[in-house]
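Structure record follows, encoded as structure tokens.
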Number of protein chains: 2
Amino acid sequence: MDTGDRLLTPGEVAALFRVDPKTVTRWAAAGRIGSIRTPGGHRRFRESEVRALLEGEGMLDEADEMGRPRNAGPTASTGPAGPANAGMY
Amino acid sequence: MDTGDRLLTPGEVAALFRVDPKTVTRWAAAGRIGSIRTPGGHRRFRESEVRALLEGEGMLDEADEMGRPRNAGPTASTGPAGPANAGMY
DNA sequence: TAACATTAGGGTAATTAGGGAC
DNA sequence: CTTGTCCTAATTACCCTAATGT
């Protein structure tokens, strides 16, 4: 059962989200997305986790959302409720 | 049970890290990962060491603050024997 | 022995990391 | 507060040919 633990490079993740690779790096640095480091220091991301984030897995409807109380509120717990347990066994 | 007496080829390790086999060879040359040489000069890597590197080897994530803490990993156990992991600038 | 895929080795582009500022 | 762009340095990817492993 490979849920897809393929690893993606920062550039691929950035392309998927249509953001700058630097932004993906910031997400990883902030702990918003799990990352695996190569011995050289580069990051690799789990495809399953990235796809979960793309799907909006856990994200409620944002149709009416405009305020986007991200950090302002306590216990933000924004969205995906956790790491989506992408890859743990 | 063999926790890792199995030896992996550069191609195997490269696939695990989603990097080029040449990069794995470079890691071995730089001493970032242990390697066993065949009489012919080819390298073999210990599966236990590779898996330890993949898991993060004692490093959960670099999340620090801001946002919310993600779930904690499954007890990272004790770091094996933190080998010479040195190197970032 | 022969054939095939993989690996080693060097060299050169492309990508990534990290910081700091707007 | 988030994102994109600037910089420099390090790491990685792809090019090649020859040797090794099965």
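Within each chain, counting starts at residue 1; across the structure tokens, chains are named A, B, ... in the order shown, with ligands numbered 1 upward in that order.
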Please check the contacts: residues of chain B at most 9 Å away from chain C, using only C-alpha atoms (C1' of nucleotides), listed as a VMD selection string.
chain B and resid 10 to 11 21 to 22 25 41 to 43
Can you work out which residues from chain D touch chain B at a cut-off of 10 Å (counting only C-alpha atoms (C1' of nucleotides)) and hand them back as a list in words?
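The answer, sorted by residue number, is DA9, DA10, DT11, DT12, DA13, DC14, DA19, DT20 and DG21 of chain D.
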Please determine the contact residues of chain A with respect to chain B at a cut-off of 6 Å, counting only C-alpha atoms, and supply them as a VMD selection string.
chain A and resid 7 29 to 31 82
Could you turn the residues from that selection into a file that holds all heavy atoms, as a PDB file, in the first residue's frame?
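Listed below is the output, selection-v5.pdb:
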ATOM      1  N   LEU A   7       8.915  11.093  -2.685  1.00  0.00           N
ATOM      2  CA  LEU A   7       9.390  12.380  -2.173  1.00  0.00           C
ATOM      3  C   LEU A   7       9.424  13.409  -3.290  1.00  0.00           C
ATOM      4  O   LEU A   7       9.752  13.092  -4.424  1.00  0.00           O
ATOM      5  CB  LEU A   7      10.786  12.209  -1.571  1.00  0.00           C
ATOM      6  CG  LEU A   7      10.838  11.257  -0.364  1.00  0.00           C
ATOM      7  CD1 LEU A   7      12.257  11.103   0.122  1.00  0.00           C
ATOM      8  CD2 LEU A   7       9.962  11.774   0.749  1.00  0.00           C
ATOM      9  N   ALA A  29      10.173  25.485   7.288  1.00  0.00           N
ATOM     10  CA  ALA A  29      10.887  26.074   8.422  1.00  0.00           C
ATOM     11  C   ALA A  29       9.914  26.386   9.551  1.00  0.00           C
ATOM     12  O   ALA A  29      10.276  26.343  10.728  1.00  0.00           O
ATOM     13  CB  ALA A  29      11.611  27.334   7.972  1.00  0.00           C
ATOM     14  N   ALA A  30       8.697  26.709   9.189  1.00  0.00           N
ATOM     15  CA  ALA A  30       7.699  27.048  10.204  1.00  0.00           C
ATOM     16  C   ALA A  30       6.986  25.802  10.722  1.00  0.00           C
ATOM     17  O   ALA A  30       6.173  25.895  11.617  1.00  0.00           O
ATOM     18  CB  ALA A  30       6.690  28.023   9.603  1.00  0.00           C
ATOM     19  N   GLY A  31       7.272  24.687  10.144  1.00  0.00           N
ATOM     20  CA  GLY A  31       6.658  23.456  10.605  1.00  0.00           C
ATOM     21  C   GLY A  31       5.255  23.247  10.059  1.00  0.00           C
ATOM     22  O   GLY A  31       4.520  22.393  10.519  1.00  0.00           O
ATOM     23  N   GLY A  82      -3.632  18.725  11.977  1.00  0.00           N
ATOM     24  CA  GLY A  82      -2.492  17.845  12.092  1.00  0.00           C
ATOM     25  C   GLY A  82      -1.851  17.542  10.781  1.00  0.00           C
ATOM     26  O   GLY A  82      -2.260  18.030   9.787  1.00  0.00           O
TER      27      GLY A  82
END
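Between C1' of DC15 in chain D and CA of Val13 in chain B the separation is 21.9 Å.
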In Å, with one decimal, what is the gap from CA of Arg44 in chain A to CA of Val50 in chain B?
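Spanning CA of Arg44 in chain A to CA of Val50 in chain B is a straight-line distance of 14.9 Å.
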Point-to-point distance in Å for CA of Gly34 in chain A and C1' of DT3 in chain D:
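Separating C1' of DT3 in chain D from CA of Gly34 in chain A is a distance of 19.7 Å.
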Quick one: DSSP helix (DSSP H, G or I) residues in range 4-45 of chain A, as a PDB file with C-alpha atoms, in the first residue's frame?
ATOM      1  CA  PRO A  10      10.894  21.964  -3.172  1.00  0.00           C
ATOM      2  CA  GLY A  11      10.585  23.023  -6.777  1.00  0.00           C
ATOM      3  CA  GLU A  12       7.924  20.432  -7.486  1.00  0.00           C
ATOM      4  CA  VAL A  13       5.928  21.369  -4.421  1.00  0.00           C
ATOM      5  CA  ALA A  14       6.228  25.001  -5.360  1.00  0.00           C
ATOM      6  CA  ALA A  15       4.936  24.232  -8.836  1.00  0.00           C
ATOM      7  CA  LEU A  16       2.012  22.286  -7.377  1.00  0.00           C
ATOM      8  CA  PHE A  17       1.010  25.178  -5.180  1.00  0.00           C
ATOM      9  CA  PRO A  21      10.157  27.615  -3.845  1.00  0.00           C
ATOM     10  CA  LYS A  22      11.262  30.011  -1.159  1.00  0.00           C
ATOM     11  CA  THR A  23       7.753  29.990   0.194  1.00  0.00           C
ATOM     12  CA  VAL A  24       7.779  26.220   0.417  1.00  0.00           C
ATOM     13  CA  THR A  25      11.014  26.474   2.353  1.00  0.00           C
ATOM     14  CA  ARG A  26       9.329  28.878   4.734  1.00  0.00           C
ATOM     15  CA  TRP A  27       6.488  26.443   5.278  1.00  0.00           C
ATOM     16  CA  ALA A  28       8.952  23.758   6.172  1.00  0.00           C
ATOM     17  CA  ALA A  29      10.887  26.074   8.422  1.00  0.00           C
ATOM     18  CA  ALA A  30       7.699  27.048  10.204  1.00  0.00           C
TER      19      ALA A  30
END
Which of range 15-58 of chain A DSSP labels strand (DSSP E or B), written as number ranges by chain
A: 36-37, 43-46
Can you write out the residues you just picked, keeping N, CA and C atoms, as a short mmCIF file (atom, residue, chain, number, x, y, z; two decimals), in the first residue's frame?
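As written to disk, out29.cif reads:
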data_model
loop_
_atom_site.label_atom_id
_atom_site.label_comp_id
_atom_site.auth_asym_id
_atom_site.auth_seq_id
_atom_site.Cartn_x
_atom_site.Cartn_y
_atom_site.Cartn_z
N ILE A 36 11.78 16.19 4.99
CA ILE A 36 12.89 15.28 5.22
C ILE A 36 14.13 15.90 4.61
N ARG A 37 15.19 15.89 5.38
CA ARG A 37 16.41 16.54 4.88
C ARG A 37 17.38 15.49 4.34
N ARG A 43 15.85 19.77 1.26
CA ARG A 43 14.60 19.21 1.79
C ARG A 43 13.88 18.36 0.75
N ARG A 44 13.17 17.40 1.27
CA ARG A 44 12.31 16.57 0.40
C ARG A 44 10.97 16.47 1.10
N PHE A 45 9.90 16.51 0.34
CA PHE A 45 8.55 16.49 0.92
C PHE A 45 7.81 15.24 0.48
N ARG A 46 6.97 14.76 1.36
CA ARG A 46 6.20 13.56 1.04
C ARG A 46 5.04 13.93 0.12
#
